[in-house]
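K.L.:
One file is attached below, model.txt, containing compact mmCIF, C-alpha atoms and all ligand atoms.
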# COMPACT_ATOMS: atom_id res chain seq x y z
CA MET A 452 -19.80 53.12 -122.41
CA THR A 453 -16.32 52.03 -122.95
CA PRO A 454 -15.07 48.69 -121.77
CA ASN A 455 -12.86 50.59 -119.27
CA ALA A 456 -15.92 52.21 -117.73
CA TYR A 457 -17.51 48.79 -117.34
CA ALA A 458 -14.42 47.46 -115.73
CA LEU A 459 -14.28 50.38 -113.27
CA ILE A 460 -17.94 49.96 -112.35
CA GLY A 461 -17.30 46.23 -111.79
CA LEU A 462 -14.24 46.89 -109.66
CA MET A 463 -16.04 49.49 -107.55
CA SER A 464 -18.96 47.16 -106.93
CA ILE A 465 -16.52 44.44 -105.81
CA VAL A 466 -14.80 46.94 -103.45
CA ALA A 467 -18.24 48.04 -102.14
CA ALA A 468 -19.18 44.41 -101.53
CA LEU A 469 -15.91 43.79 -99.71
CA ILE A 470 -16.43 46.90 -97.55
CA GLY A 471 -19.93 45.66 -96.76
CA VAL A 472 -18.60 42.23 -95.70
CA LEU A 473 -15.89 43.89 -93.61
CA MET A 474 -18.40 46.20 -91.91
CA PHE A 475 -20.64 43.20 -91.13
CA ALA A 476 -17.70 41.35 -89.64
CA VAL A 477 -16.61 44.37 -87.53
CA LEU A 478 -20.16 44.79 -86.24
CA ARG A 479 -20.42 41.06 -85.28
CA PHE A 480 -17.08 41.18 -83.55
CA ALA A 481 -18.03 44.26 -81.54
CA SER A 482 -21.31 42.70 -80.53
CA ALA A 483 -19.54 39.45 -79.49
CA ALA A 484 -17.01 41.43 -77.48
CA ARG A 485 -19.81 43.30 -75.71
CA GLU A 486 -21.61 40.07 -75.03
CA SER A 487 -18.55 38.42 -73.57
CA ARG A 488 -17.74 41.49 -71.43
CA ARG A 489 -21.25 41.39 -69.98
CA TYR A 490 -20.99 37.63 -69.35
CA LEU A 491 -17.66 38.02 -67.68
CA SER A 492 -18.80 40.79 -65.36
CA GLU A 493 -21.94 38.84 -64.40
CA ASN A 494 -19.91 35.67 -63.82
CA ARG A 495 -17.31 37.43 -61.65
CA SER A 496 -19.88 38.60 -59.10
CA GLU A 497 -21.28 35.02 -58.87
CA THR A 498 -17.78 33.59 -58.16
CA ALA A 499 -17.18 36.28 -55.58
CA PHE A 500 -20.45 35.33 -53.91
CA VAL A 501 -19.57 31.63 -53.87
CA THR A 502 -16.05 32.39 -52.65
CA GLY A 503 -17.38 34.63 -49.88
CA ALA A 504 -19.89 32.01 -48.74
CA LEU A 505 -17.19 29.39 -48.73
CA HIS A 506 -14.89 31.65 -46.76
CA ASP A 507 -17.61 32.28 -44.16
CA ALA A 508 -18.29 28.60 -43.84
CA VAL A 509 -14.60 27.83 -43.39
CA THR A 510 -14.23 30.57 -40.76
CA LYS A 511 -17.24 29.24 -38.86
CA LEU A 512 -15.89 25.69 -39.06
CA LYS A 513 -12.54 26.89 -37.77
CA VAL A 514 -14.18 28.64 -34.81
CA GLN A 515 -16.20 25.50 -34.09
CA GLU A 516 -13.09 23.37 -34.38
CA ARG A 517 -11.21 25.64 -31.99
CA GLU A 518 -14.09 25.49 -29.51
CA MET A 519 -14.30 21.73 -29.77
CA LEU A 520 -10.55 21.44 -29.31
CA ALA A 521 -10.67 23.69 -26.24
CA ARG A 522 -13.57 21.64 -24.82
CA ALA A 523 -11.74 18.36 -25.51
CA GLU A 524 -8.58 19.75 -23.88
CA ALA A 525 -10.54 20.99 -20.85
CA SER A 526 -12.29 17.65 -20.37
CA GLU A 527 -8.96 15.81 -20.82
CA ARG A 528 -7.38 18.14 -18.23
CA LEU A 529 -10.29 17.54 -15.86
CA SER A 530 -10.04 13.75 -16.14
CA GLU A 531 -6.27 13.99 -15.64
CA GLU A 532 -6.81 16.15 -12.55
CA ILE A 533 -9.38 13.70 -11.20
CA VAL A 534 -7.06 10.73 -11.75
CA GLU A 535 -4.07 12.62 -10.26
CA SER A 536 -5.88 13.83 -7.18
CA LEU A 537 -7.67 10.57 -6.33
CA THR A 538 -6.58 9.40 -2.89
CA SER A 539 -7.36 5.82 -3.92
CA GLY A 540 -5.09 3.93 -6.26
CA LEU A 541 -6.28 3.61 -9.87
CA LEU A 542 -4.86 1.15 -12.36
CA VAL A 543 -6.22 0.64 -15.87
CA ALA A 544 -4.84 -2.23 -17.92
CA GLY A 545 -5.61 -3.40 -21.45
CA SER A 546 -6.42 -6.95 -22.55
CA ASP A 547 -2.76 -7.14 -23.59
CA ARG A 548 -1.91 -6.86 -19.83
CA ARG A 549 -0.16 -3.52 -20.38
CA VAL A 550 -0.76 -0.72 -17.88
CA ARG A 551 -2.55 2.27 -19.45
CA ILE A 552 -3.07 4.39 -16.34
CA LEU A 553 -1.51 4.23 -12.88
CA ASN A 554 -2.19 7.30 -10.75
CA PRO A 555 0.28 8.78 -8.21
CA ALA A 556 -1.69 7.42 -5.20
CA GLY A 557 -1.53 3.93 -6.72
CA ARG A 558 2.19 4.31 -7.42
CA ARG A 559 2.82 5.40 -3.84
CA MET A 560 0.77 2.55 -2.37
CA LEU A 561 2.48 -0.08 -4.48
CA ASN A 562 5.86 1.61 -4.09
CA LEU A 563 6.40 1.73 -7.86
CA PRO A 564 8.56 4.25 -9.74
CA GLU A 565 7.21 6.53 -12.47
CA GLY A 566 7.09 5.06 -15.95
CA ALA A 567 4.90 2.08 -15.16
CA VAL A 568 2.60 2.91 -18.08
CA GLY A 569 3.15 0.53 -20.98
CA GLN A 570 4.62 -2.21 -18.78
CA ASP A 571 3.09 -5.63 -18.16
CA TYR A 572 1.23 -5.45 -14.82
CA ARG A 573 2.16 -9.07 -14.04
CA GLU A 574 5.82 -8.06 -13.86
CA LEU A 575 5.05 -4.77 -12.14
CA LEU A 576 2.92 -6.21 -9.33
CA GLY A 577 5.33 -8.99 -8.36
CA ASP A 578 5.43 -7.73 -4.74
CA ALA A 579 1.65 -7.47 -4.56
CA ALA A 580 0.73 -10.87 -5.99
CA PRO A 581 -2.87 -10.93 -4.61
CA LEU A 582 -3.62 -7.67 -6.49
CA GLU A 583 -2.18 -9.10 -9.68
CA GLU A 584 -4.35 -12.22 -9.21
CA ALA A 585 -7.51 -10.13 -8.71
CA ILE A 586 -6.86 -8.19 -11.96
CA GLU A 587 -6.10 -11.40 -13.81
CA GLU A 588 -9.31 -12.98 -12.48
CA CYS A 589 -11.43 -10.06 -13.72
CA LEU A 590 -9.67 -10.05 -17.11
CA SER A 591 -10.13 -13.77 -17.66
CA THR A 592 -13.69 -14.16 -16.30
CA GLY A 593 -15.05 -10.75 -17.35
CA ARG A 594 -16.75 -10.55 -13.93
CA ALA A 595 -16.37 -7.57 -11.60
CA ILE A 596 -14.79 -7.91 -8.16
CA LYS A 597 -16.39 -5.68 -5.55
CA ARG A 598 -14.59 -4.46 -2.42
CA ARG A 599 -12.39 -7.51 -1.84
CA LYS A 600 -9.93 -7.43 1.08
CA LEU A 601 -6.46 -8.48 0.00
CA ASP A 602 -3.69 -9.47 2.38
CA ILE A 603 -0.53 -8.16 0.70
CA GLY A 604 1.78 -9.15 3.56
CA LEU A 605 4.13 -7.29 5.83
CA SER A 606 6.37 -4.82 4.01
CA GLU A 607 8.07 -1.66 5.15
CA HIS A 608 6.96 0.43 2.19
CA SER A 609 3.57 -0.77 1.09
CA PRO A 610 0.29 -1.34 2.90
CA ALA A 611 -0.39 -4.77 4.40
CA TYR A 612 -4.06 -4.82 3.36
CA LEU A 613 -5.79 -3.42 0.29
CA GLY A 614 -9.50 -3.02 -0.40
CA VAL A 615 -9.90 -3.71 -4.13
CA SER A 616 -12.65 -3.34 -6.76
CA VAL A 617 -11.95 -4.46 -10.33
CA SER A 618 -14.38 -4.00 -13.25
CA PRO A 619 -14.06 -5.09 -16.87
CA LEU A 620 -13.89 -2.39 -19.56
CA SER A 621 -15.69 -2.91 -22.87
CA THR A 622 -16.41 -0.99 -26.04
CA ARG A 623 -19.94 0.23 -26.95
CA GLN A 624 -20.31 -2.91 -28.96
CA GLY A 625 -19.59 -4.95 -25.85
CA GLU A 626 -16.07 -6.02 -26.86
CA PRO A 627 -13.90 -6.42 -23.71
CA HIS A 628 -10.66 -4.43 -23.89
CA GLY A 629 -9.27 -4.25 -20.38
CA VAL A 630 -9.99 -3.65 -16.70
CA ILE A 631 -10.18 -0.73 -14.30
CA CYS A 632 -8.98 -1.39 -10.78
CA LEU A 633 -9.53 0.88 -7.75
CA PHE A 634 -7.71 0.12 -4.50
CA THR A 635 -7.39 1.68 -1.04
CA ASP A 636 -5.12 1.09 1.92
CA LEU A 637 -7.14 -0.78 4.56
CA THR A 638 -4.17 -1.39 6.89
CA PRO A 639 -5.05 1.20 9.58
CA PHE A 640 -8.67 -0.01 9.79
CA ILE A 641 -7.74 -3.67 9.88
CA GLU A 642 -5.04 -3.06 12.47
CA MET A 643 -7.48 -1.10 14.58
CA GLU A 644 -10.00 -3.94 14.24
CA GLU A 645 -7.28 -6.41 15.18
CA GLN A 646 -6.30 -4.34 18.23
CA LEU A 647 -9.91 -4.17 19.38
CA ARG A 648 -10.38 -7.89 18.83
CA LEU A 649 -7.18 -8.62 20.75
CA LYS A 650 -8.11 -6.33 23.60
CA GLU A 651 -11.51 -8.01 23.86
CA SER A 652 -10.15 -11.55 23.69
CA LEU A 653 -7.37 -10.74 26.18
CA ALA A 654 -9.94 -9.34 28.56
CA GLN A 655 -12.08 -12.47 28.12
CA VAL A 656 -9.09 -14.77 28.66
CA GLY A 657 -8.18 -12.73 31.72
CA GLU A 658 -11.65 -12.95 33.25
CA LEU A 659 -12.10 -16.62 32.47
CA THR A 660 -8.79 -17.95 33.58
CA ALA A 661 -7.48 -15.56 36.19
CA GLY A 662 -9.91 -16.95 38.78
CA ILE A 663 -8.90 -20.56 38.07
CA ALA A 664 -5.22 -19.67 38.05
CA HIS A 665 -5.65 -17.94 41.38
CA GLU A 666 -7.19 -21.02 42.96
CA PHE A 667 -4.49 -23.15 41.38
CA ARG A 668 -1.80 -20.93 42.86
CA ASN A 669 -3.36 -21.23 46.34
CA GLY A 670 -3.31 -25.02 46.05
CA LEU A 671 0.27 -24.93 44.86
CA ALA A 672 1.27 -22.68 47.74
CA THR A 673 -0.22 -25.20 50.17
CA ILE A 674 1.65 -28.15 48.58
CA HIS A 675 4.81 -26.07 48.54
CA GLY A 676 4.28 -25.11 52.18
CA TYR A 677 3.82 -28.73 53.28
CA ALA A 678 6.86 -29.81 51.27
CA ARG A 679 8.91 -27.12 53.04
CA LEU A 680 7.70 -28.38 56.41
CA VAL A 681 9.19 -31.78 55.76
CA ASP A 682 12.55 -31.85 57.48
CA LEU A 683 14.88 -33.46 54.96
CA LYS A 684 17.34 -34.46 57.66
CA LEU A 685 14.69 -36.65 59.32
CA LEU A 686 13.90 -38.41 56.04
CA PRO A 687 15.49 -41.62 54.92
CA ASP A 688 17.98 -40.98 52.11
CA ALA A 689 15.79 -42.73 49.56
CA PHE A 690 12.89 -40.26 50.10
CA ARG A 691 14.87 -37.03 50.10
CA PRO A 692 15.09 -36.62 46.31
CA HIS A 693 11.29 -37.09 46.07
CA VAL A 694 10.58 -34.21 48.42
CA GLU A 695 13.20 -32.06 46.70
CA GLY A 696 11.51 -32.86 43.38
CA ILE A 697 8.13 -31.78 44.78
CA ARG A 698 9.66 -28.47 45.98
CA GLN A 699 11.32 -27.75 42.62
CA GLU A 700 8.23 -28.53 40.59
CA THR A 701 5.95 -26.46 42.79
CA ASP A 702 8.45 -23.58 42.49
CA ALA A 703 8.45 -23.86 38.70
CA LEU A 704 4.66 -24.21 38.51
CA GLY A 705 4.23 -21.25 40.86
CA GLU A 706 6.33 -19.16 38.48
CA VAL A 707 4.21 -20.23 35.50
CA VAL A 708 1.01 -19.34 37.32
CA THR A 709 2.42 -15.98 38.45
CA ASN A 710 3.48 -15.22 34.88
CA PHE A 711 0.09 -16.23 33.63
CA LEU A 712 -1.67 -14.09 36.19
CA ASN A 713 0.54 -11.17 35.16
CA PHE A 714 -0.50 -11.79 31.60
CA ALA A 715 -4.20 -12.39 32.28
CA ARG A 716 -4.77 -9.61 34.80
CA PRO A 717 -6.16 -6.40 33.27
CA ALA A 718 -3.13 -4.20 32.68
CA GLN A 719 -2.82 -1.37 35.16
CA VAL A 720 -1.30 1.26 32.92
CA THR A 721 0.11 4.52 34.23
CA PHE A 722 0.79 6.77 31.27
CA SER A 723 3.48 9.42 31.45
CA ARG A 724 6.12 10.89 29.12
CA VAL A 725 8.80 8.21 28.85
CA ASP A 726 12.13 8.06 27.07
CA LEU A 727 11.96 5.04 24.79
CA ARG A 728 15.75 4.87 24.43
CA ALA A 729 16.27 4.78 28.23
CA ILE A 730 13.64 2.03 28.54
CA ALA A 731 15.19 -0.09 25.79
CA GLU A 732 18.70 0.50 27.26
CA ARG A 733 17.59 -0.80 30.66
CA ALA A 734 16.07 -3.88 29.01
CA ALA A 735 19.29 -4.40 27.02
CA ASP A 736 21.43 -4.08 30.19
CA GLU A 737 19.65 -7.13 31.61
CA VAL A 738 20.98 -9.38 28.84
CA ARG A 739 24.21 -7.58 27.90
CA ASN A 740 26.42 -9.70 30.13
CA GLU A 741 24.92 -12.91 28.85
CA ALA A 742 25.38 -11.78 25.24
CA ARG A 743 29.02 -10.83 25.96
CA SER A 744 29.71 -14.13 27.68
CA HIS A 745 28.77 -15.81 24.36
CA GLY A 746 30.97 -13.44 22.34
CA GLY A 747 28.12 -11.19 21.22
CA SER A 748 26.80 -7.67 21.82
CA VAL A 749 23.66 -5.57 22.05
CA THR A 750 23.80 -2.33 20.03
CA PHE A 751 21.50 0.62 19.36
CA ARG A 752 20.85 2.58 16.17
CA GLY A 753 18.47 5.29 14.96
CA GLU A 754 16.11 7.60 16.80
CA PHE A 755 14.08 6.89 19.93
CA PRO A 756 11.62 9.67 20.69
CA VAL A 757 9.80 10.44 23.90
CA ILE A 758 6.35 8.83 23.97
CA ASP A 759 3.37 8.45 26.29
CA GLY A 760 3.56 5.08 28.01
CA ASP A 761 3.99 3.00 31.12
CA ASP A 762 7.65 2.85 32.04
CA VAL A 763 7.45 -0.49 33.90
CA LEU A 764 5.30 -2.30 31.33
CA LEU A 765 7.33 -1.11 28.33
CA ARG A 766 10.58 -2.20 29.97
CA GLN A 767 9.00 -5.59 30.62
CA ALA A 768 8.02 -5.82 26.94
CA PHE A 769 11.53 -4.95 25.65
CA SER A 770 13.10 -7.27 28.23
CA ASN A 771 11.14 -10.18 26.80
CA LEU A 772 12.13 -9.28 23.24
CA VAL A 773 15.87 -8.96 23.89
CA ARG A 774 15.87 -12.03 26.14
CA ASN A 775 14.19 -14.11 23.41
CA ALA A 776 16.71 -12.80 20.88
CA VAL A 777 19.72 -13.77 23.04
CA GLU A 778 18.16 -17.14 23.93
CA ALA A 779 17.51 -17.94 20.24
CA CYS A 780 21.13 -17.18 19.29
CA VAL A 781 22.62 -19.06 22.25
CA ALA A 782 20.42 -22.10 21.51
CA ALA A 783 21.69 -22.02 17.90
CA SER A 784 25.31 -21.60 19.17
CA VAL A 785 25.90 -18.29 17.40
CA PRO A 786 27.42 -15.25 19.19
CA PRO A 787 24.32 -13.03 19.69
CA GLN A 788 24.47 -9.81 17.65
CA ILE A 789 21.37 -7.96 18.80
CA LEU A 790 20.50 -4.68 17.11
CA ILE A 791 17.81 -2.40 18.52
CA ASP A 792 16.80 0.01 15.77
CA GLY A 793 14.43 2.97 16.24
CA ARG A 794 12.74 4.82 13.41
CA VAL A 795 10.04 7.50 13.29
CA GLU A 796 7.42 6.78 10.62
CA GLY A 797 4.64 9.34 10.29
CA GLY A 798 2.87 9.49 13.64
CA ASN A 799 4.54 6.34 14.99
CA VAL A 800 7.87 5.04 16.16
CA ARG A 801 8.98 1.59 15.03
CA VAL A 802 11.49 -0.18 17.27
CA SER A 803 12.91 -3.39 15.76
CA VAL A 804 14.74 -5.95 17.85
CA ASP A 805 16.83 -7.83 15.28
CA ASP A 806 19.02 -10.85 15.93
CA ASN A 807 21.23 -13.23 13.99
CA GLY A 808 19.66 -16.40 15.34
CA PRO A 809 17.73 -19.04 13.41
CA GLY A 810 14.72 -16.73 12.86
CA ILE A 811 11.07 -17.67 13.15
CA ALA A 812 9.56 -19.88 10.43
CA ALA A 813 6.73 -18.22 8.47
CA ALA A 814 4.26 -20.86 9.70
CA ALA A 815 5.11 -20.13 13.35
CA ARG A 816 4.86 -16.34 13.06
CA GLU A 817 1.13 -16.26 13.74
CA ARG A 818 1.45 -18.55 16.76
CA VAL A 819 4.31 -16.96 18.68
CA PHE A 820 1.89 -14.53 20.39
CA THR A 821 -0.47 -17.31 21.49
CA PRO A 822 -0.21 -17.93 25.25
CA PHE A 823 1.81 -21.06 26.08
CA PHE A 824 3.31 -21.43 22.60
CA THR A 825 6.93 -22.29 23.24
CA THR A 826 9.67 -24.30 21.59
CA LYS A 827 11.88 -24.13 24.68
CA GLY A 828 12.22 -26.90 27.22
CA ARG A 829 11.72 -24.57 30.15
CA GLY A 830 9.82 -21.73 28.52
CA THR A 831 6.31 -20.76 29.61
CA GLY A 832 5.37 -19.40 26.20
CA LEU A 833 3.90 -16.32 27.84
CA GLY A 834 6.67 -13.83 27.02
CA LEU A 835 5.45 -12.68 23.61
CA ALA A 836 1.77 -12.95 24.62
CA LEU A 837 2.55 -10.49 27.41
CA VAL A 838 4.56 -8.24 25.05
CA GLN A 839 1.62 -8.14 22.66
CA LYS A 840 -0.78 -7.32 25.45
CA ILE A 841 1.42 -4.48 26.70
CA ILE A 842 1.87 -3.03 23.21
CA VAL A 843 -1.84 -3.29 22.34
CA THR A 844 -2.65 -1.56 25.65
CA HIS A 845 -0.41 1.27 24.41
CA ASN A 846 -2.47 1.42 21.17
CA GLY A 847 0.47 -0.01 19.26
CA ARG A 848 1.12 -3.24 17.40
CA ILE A 849 3.84 -5.87 17.15
CA GLN A 850 4.93 -7.64 13.97
CA VAL A 851 7.30 -10.50 13.23
CA GLY A 852 9.63 -10.55 10.25
CA SER A 853 13.15 -11.51 9.25
CA SER A 854 16.16 -9.42 10.18
CA PRO A 855 18.81 -8.40 7.62
CA GLN A 856 21.24 -10.59 9.60
CA GLY A 857 19.06 -13.61 8.76
CA GLY A 858 17.49 -13.99 12.19
CA ALA A 859 14.21 -12.80 13.66
CA SER A 860 13.00 -9.20 13.64
CA LEU A 861 10.38 -8.35 16.24
CA GLN A 862 9.00 -4.89 15.45
CA VAL A 863 7.07 -2.79 17.91
CA VAL A 864 5.10 0.16 16.50
CA LEU A 865 3.94 2.72 19.07
CA PRO A 866 2.08 5.99 18.50
CA LEU A 867 3.91 9.26 19.09
CA PRO A 868 2.29 11.79 21.44
CA ALA A 869 -0.35 13.89 19.65
CA SER A 870 1.33 17.21 20.61
CA PRO A 871 4.96 17.84 21.56
N1 LIG B 901 14.11 -13.92 18.52
C1 LIG B 901 13.57 -15.12 18.32
N2 LIG B 901 14.16 -16.00 17.45
C2 LIG B 901 13.61 -17.21 17.25
N3 LIG B 901 12.48 -17.64 17.83
C3 LIG B 901 11.85 -16.83 18.69
C4 LIG B 901 12.35 -15.53 18.97
N4 LIG B 901 11.49 -14.94 19.84
C5 LIG B 901 10.51 -15.84 20.09
N5 LIG B 901 10.72 -16.98 19.40
C6 LIG B 901 9.85 -18.17 19.39
O1 LIG B 901 8.61 -17.83 19.96
C7 LIG B 901 8.30 -18.69 21.04
C8 LIG B 901 7.48 -17.94 22.06
O2 LIG B 901 8.25 -16.96 22.69
P1 LIG B 901 7.80 -16.47 24.12
O3 LIG B 901 8.70 -15.41 24.57
O4 LIG B 901 6.35 -16.18 24.08
O5 LIG B 901 7.95 -17.75 25.00
P2 LIG B 901 9.30 -18.47 25.43
O6 LIG B 901 10.45 -17.56 25.20
O7 LIG B 901 9.32 -19.79 24.77
O8 LIG B 901 9.04 -18.66 26.98
P3 LIG B 901 9.30 -17.57 28.14
O9 LIG B 901 9.22 -16.23 27.51
O10 LIG B 901 8.24 -17.82 29.10
O11 LIG B 901 10.65 -17.89 28.66
C9 LIG B 901 9.64 -19.15 21.54
O12 LIG B 901 9.55 -20.39 22.19
C10 LIG B 901 10.44 -19.29 20.24
O13 LIG B 901 10.13 -20.48 19.57
MG MG B 902 10.39 -15.57 25.92
Please rewrite the model in this file as structure tokens.

P.N.:
Amino acid sequence: MTPNAYALIGLMSIVAALIGVLMFAVLRFASAARESRRYLSENRSETAFVTGALHDAVTKLKVQEREMLARAEASERLSEEIVESLTSGLLVAGSDRRVRILNPAGRRMLNLPEGAVGQDYRELLGDAAPLEEAIEECLSTGRAIKRRKLDIGLSEHSPAYLGVSVSPLSTRQGEPHGVICLFTDLTPFIEMEEQLRLKESLAQVGELTAGIAHEFRNGLATIHGYARLVDLKLLPDAFRPHVEGIRQETDALGEVVTNFLNFARPAQVTFSRVDLRAIAERAADEVRNEARSHGGSVTFRGEFPVIDGDDVLLRQAFSNLVRNAVEACVAASVPPQILIDGRVEGGNVRVSVDDNGPGIAAAARERVFTPFFTTKGRGTGLGLALVQKIIVTHNGRIQVGSSPQGGASLQVVLPLPASP
């Protein structure tokens, strides 16, 4: 063998070895590629499974969320509807004194505009101070107030009496965070109660005293009769004024007793359709001249419907009111400006007799209807007691307030006929 042959054999064996290594590498690579393809395909189906499960779960959660949202919205709508349609007033306030809820019935009763939510109830309820005090009491003591009767006072727009319940609100942990206050208008019930009480007490007063007054009047008539029999011309001059004095006093006392008997006697009411304006006009005519002679006037305004009532008694009632008004102005030396104002309010008519006199002090307002309460030298104090009796007999009521002219405002409220 030549050295070249050896070299060739060597070279070929190197090439064969290299081919072998290359083949081995190609085979390993192919097997790795196969392996990774298998792994990838297996892995992809697992991811798809996980993704699908996740997707299902999310869809279910979304459905549940939508249902929960719809339920929450429905229950919110229901509570809103309940609050809106409550005929009682509802006010919810936080510990910070801010109003959280005030329903339409509450707004109407308290005569408040929309937009009360968020405001401080102490500022909002300025015209209904007793209600504000009840809420404040519950907030500060944490104790509930059950069905308390509150006297809000006479106002044209809001009720005079409220029935109120206030309860504290607290979290589940017992932390107080506000109050809930429910209130209703008790005015019609209290007024009805008052009317019944008045009717009863007037009947009692009538029964008790009418008999005595009658006897008294008989005695007076006898004294008066004897005094008339005395011939003044036959009397010495010094005695004449004494007999005249007896006659005058018995006259005056007789008038008081007659007035009292008129007041005490059970009212004989004859109901018929009457024109309120015509009645008030006739009463005004009685004092018109006197008002004019002091530089004043008696004027009418508003609407006066036809009602069911006793013509004679109602005229007597309005006579007393306009007479009092003129007398008050004349006594205060102001030209009497008397305004008789009629207004229909729901099922009632309110007739106000307003004057520009000195008015009636708040403390005296309760007493002016008491028999014999008078501030006049020659008054019997029976005028307004009789007016009240007449109005109560007509199922109405009478209230005292201040007139826009600064004087007194005597307001008669009478029911309108049930059917036209
Ligand atoms: N318009 C008014 N302005 C001011 N005070 C009034 C008015 N009306 C009534 N009063 C007060 O009420 C009191 C009672 O009135 P009421 O009519 O019952 O009796 P009187 O007028 O005093 O007596 P009488 O009616 O018998 O003449 C009056 O004395 C007066 O003090
Ligand atoms: Mg009078």

K.L.:
Taking all atoms listed in the file and a cut-off of 9 Å, can you tell me which residues surround ligand MG 902 (chain B), written as number ranges by chain?

P.N.:
A: 771-776, 778, 825, 827, 830-835

K.L.:
Using only C-alpha atoms, please write the residues we just selected to a file, as a tab-separated table (two decimals), keeping the file's coordinate frame.

P.N.:
chain	number	residue	atom	x	y	z
A	771	ASN	CA	11.14	-10.18	26.80
A	772	LEU	CA	12.13	-9.28	23.24
A	773	VAL	CA	15.87	-8.96	23.89
A	774	ARG	CA	15.87	-12.03	26.14
A	775	ASN	CA	14.19	-14.11	23.41
A	776	ALA	CA	16.71	-12.80	20.88
A	778	GLU	CA	18.16	-17.14	23.93
A	825	THR	CA	6.93	-22.29	23.24
A	827	LYS	CA	11.88	-24.13	24.68
A	830	GLY	CA	9.82	-21.73	28.52
A	831	THR	CA	6.31	-20.76	29.61
A	832	GLY	CA	5.37	-19.40	26.20
A	833	LEU	CA	3.90	-16.32	27.84
A	834	GLY	CA	6.67	-13.83	27.02
A	835	LEU	CA	5.45	-12.68	23.61

K.L.:
From the list A:Pro787, A:Gly793, A:Gly670, A:Gly662, which residue is nearest A:Phe711 when using only C-alpha atoms?

P.N.:
A:Gly662

K.L.:
I'd like to know which of A:Glu588, A:Glu706, A:Glu574, A:Asp726 is closest to ligand LIG 901 (chain B), using only C-alpha atoms and all ligand atoms.

P.N.:
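Looking only at the distances to ligand LIG 901 (chain B), the closest residue turns out to be A:Glu706.
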
K.L.:
Which residue, A:Thr673, A:Ser464, A:Gln655, A:Gln856, has the smallest gap to A:Arg716 when you use only C-alpha atoms?

P.N.:
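Counting only C-alpha atoms, the residue closest to A:Arg716 is A:Gln655.
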
K.L.:
Closest to A:Ala813 among A:Gly604, A:Ser618, A:Val838, A:Gly503, using all atoms listed in the file?

P.N.:
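For A:Ala813, the nearest of the candidates is A:Gly604.
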
K.L.:
Give the answer as one residue: which of A:Ala768, A:Leu473, A:Leu633, A:Val863 has the shortest atom-to-atom distance to ligand LIG 901 (chain B), using all atoms listed in the file?

P.N.:
A:Ala768

K.L.:
What's the separation between atom N1 of ligand LIG 901 (chain B) and atom CA of A:Ser744, in Å to one decimal place?

P.N.:
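Separation of atom N1 of ligand LIG 901 (chain B) and atom CA of A:Ser744: 18.1 Å.
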
K.L.:
Show which residues sit within 9 Å of A:Leu613, as a list in words. Count only C-alpha atoms, and ignore same-chain residues fewer than 4 positions away.

P.N.:
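These residues fall inside the cut-off: Leu582, Arg599, Lys600, Leu601, Asp602, Ile603, Phe634, Thr635, Asp636, Leu637 and Thr638 of chain A.
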
K.L.:
Of the candidates A:Leu867, A:Val757, A:Ala782, A:Leu659, which one gets nearest to A:Gly828 if we count only C-alpha atoms?

P.N.:
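Residue with the minimum atom-to-atom distance to A:Gly828: A:Ala782.
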
K.L.:
How far is it from atom CA of A:Arg698 to atom CA of A:Phe667, in Å with one decimal?

P.N.:
15.8 Å

K.L.:
Contacts of A:Ile789 at 8 Å or less, counting all atoms listed in the file, minus same-chain residues fewer than 3 places along, as a list of chain:residue names?

P.N.:
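In the requested form, the answer reads A:Gly747, A:Ser748, A:Val749, A:Thr750, A:Val773, A:Ala776, A:Val777, A:Val804, A:Asp805, A:Asp806, A:Asn807.
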
K.L.:
Between atom CA of A:Glu527 and atom CA of A:Gly545, what is the distance in Å, rounded to a tenth?

P.N.:
19.5 Å

K.L.:
Skip A:Arg752 itself and residues of its chain fewer than 5 positions away, then list as an mmCIF file with C-alpha atoms, keeping the file's coordinate frame all residues within 10 Å of it, counting only C-alpha atoms.

P.N.:
data_model
loop_
_atom_site.group_PDB
_atom_site.id
_atom_site.type_symbol
_atom_site.label_atom_id
_atom_site.label_comp_id
_atom_site.auth_asym_id
_atom_site.auth_seq_id
_atom_site.Cartn_x
_atom_site.Cartn_y
_atom_site.Cartn_z
ATOM 1 C CA ARG A 728 15.750 4.870 24.430
ATOM 2 C CA LEU A 790 20.500 -4.680 17.110
ATOM 3 C CA ILE A 791 17.810 -2.400 18.520
ATOM 4 C CA ASP A 792 16.800 0.010 15.770
ATOM 5 C CA GLY A 793 14.430 2.970 16.240
ATOM 6 C CA ARG A 794 12.740 4.820 13.410
ATOM 7 C CA VAL A 802 11.490 -0.180 17.270
ATOM 8 C CA SER A 803 12.910 -3.390 15.760
#

K.L.:
Excluding A:Lys840 and residues on its chain fewer than 3 positions from it, collect all residues at most 9 Å away from it, counting only C-alpha atoms, and give them as a PyMOL selection string.

P.N.:
chain A and resi 649-650+653+714+718+835-837+843-845
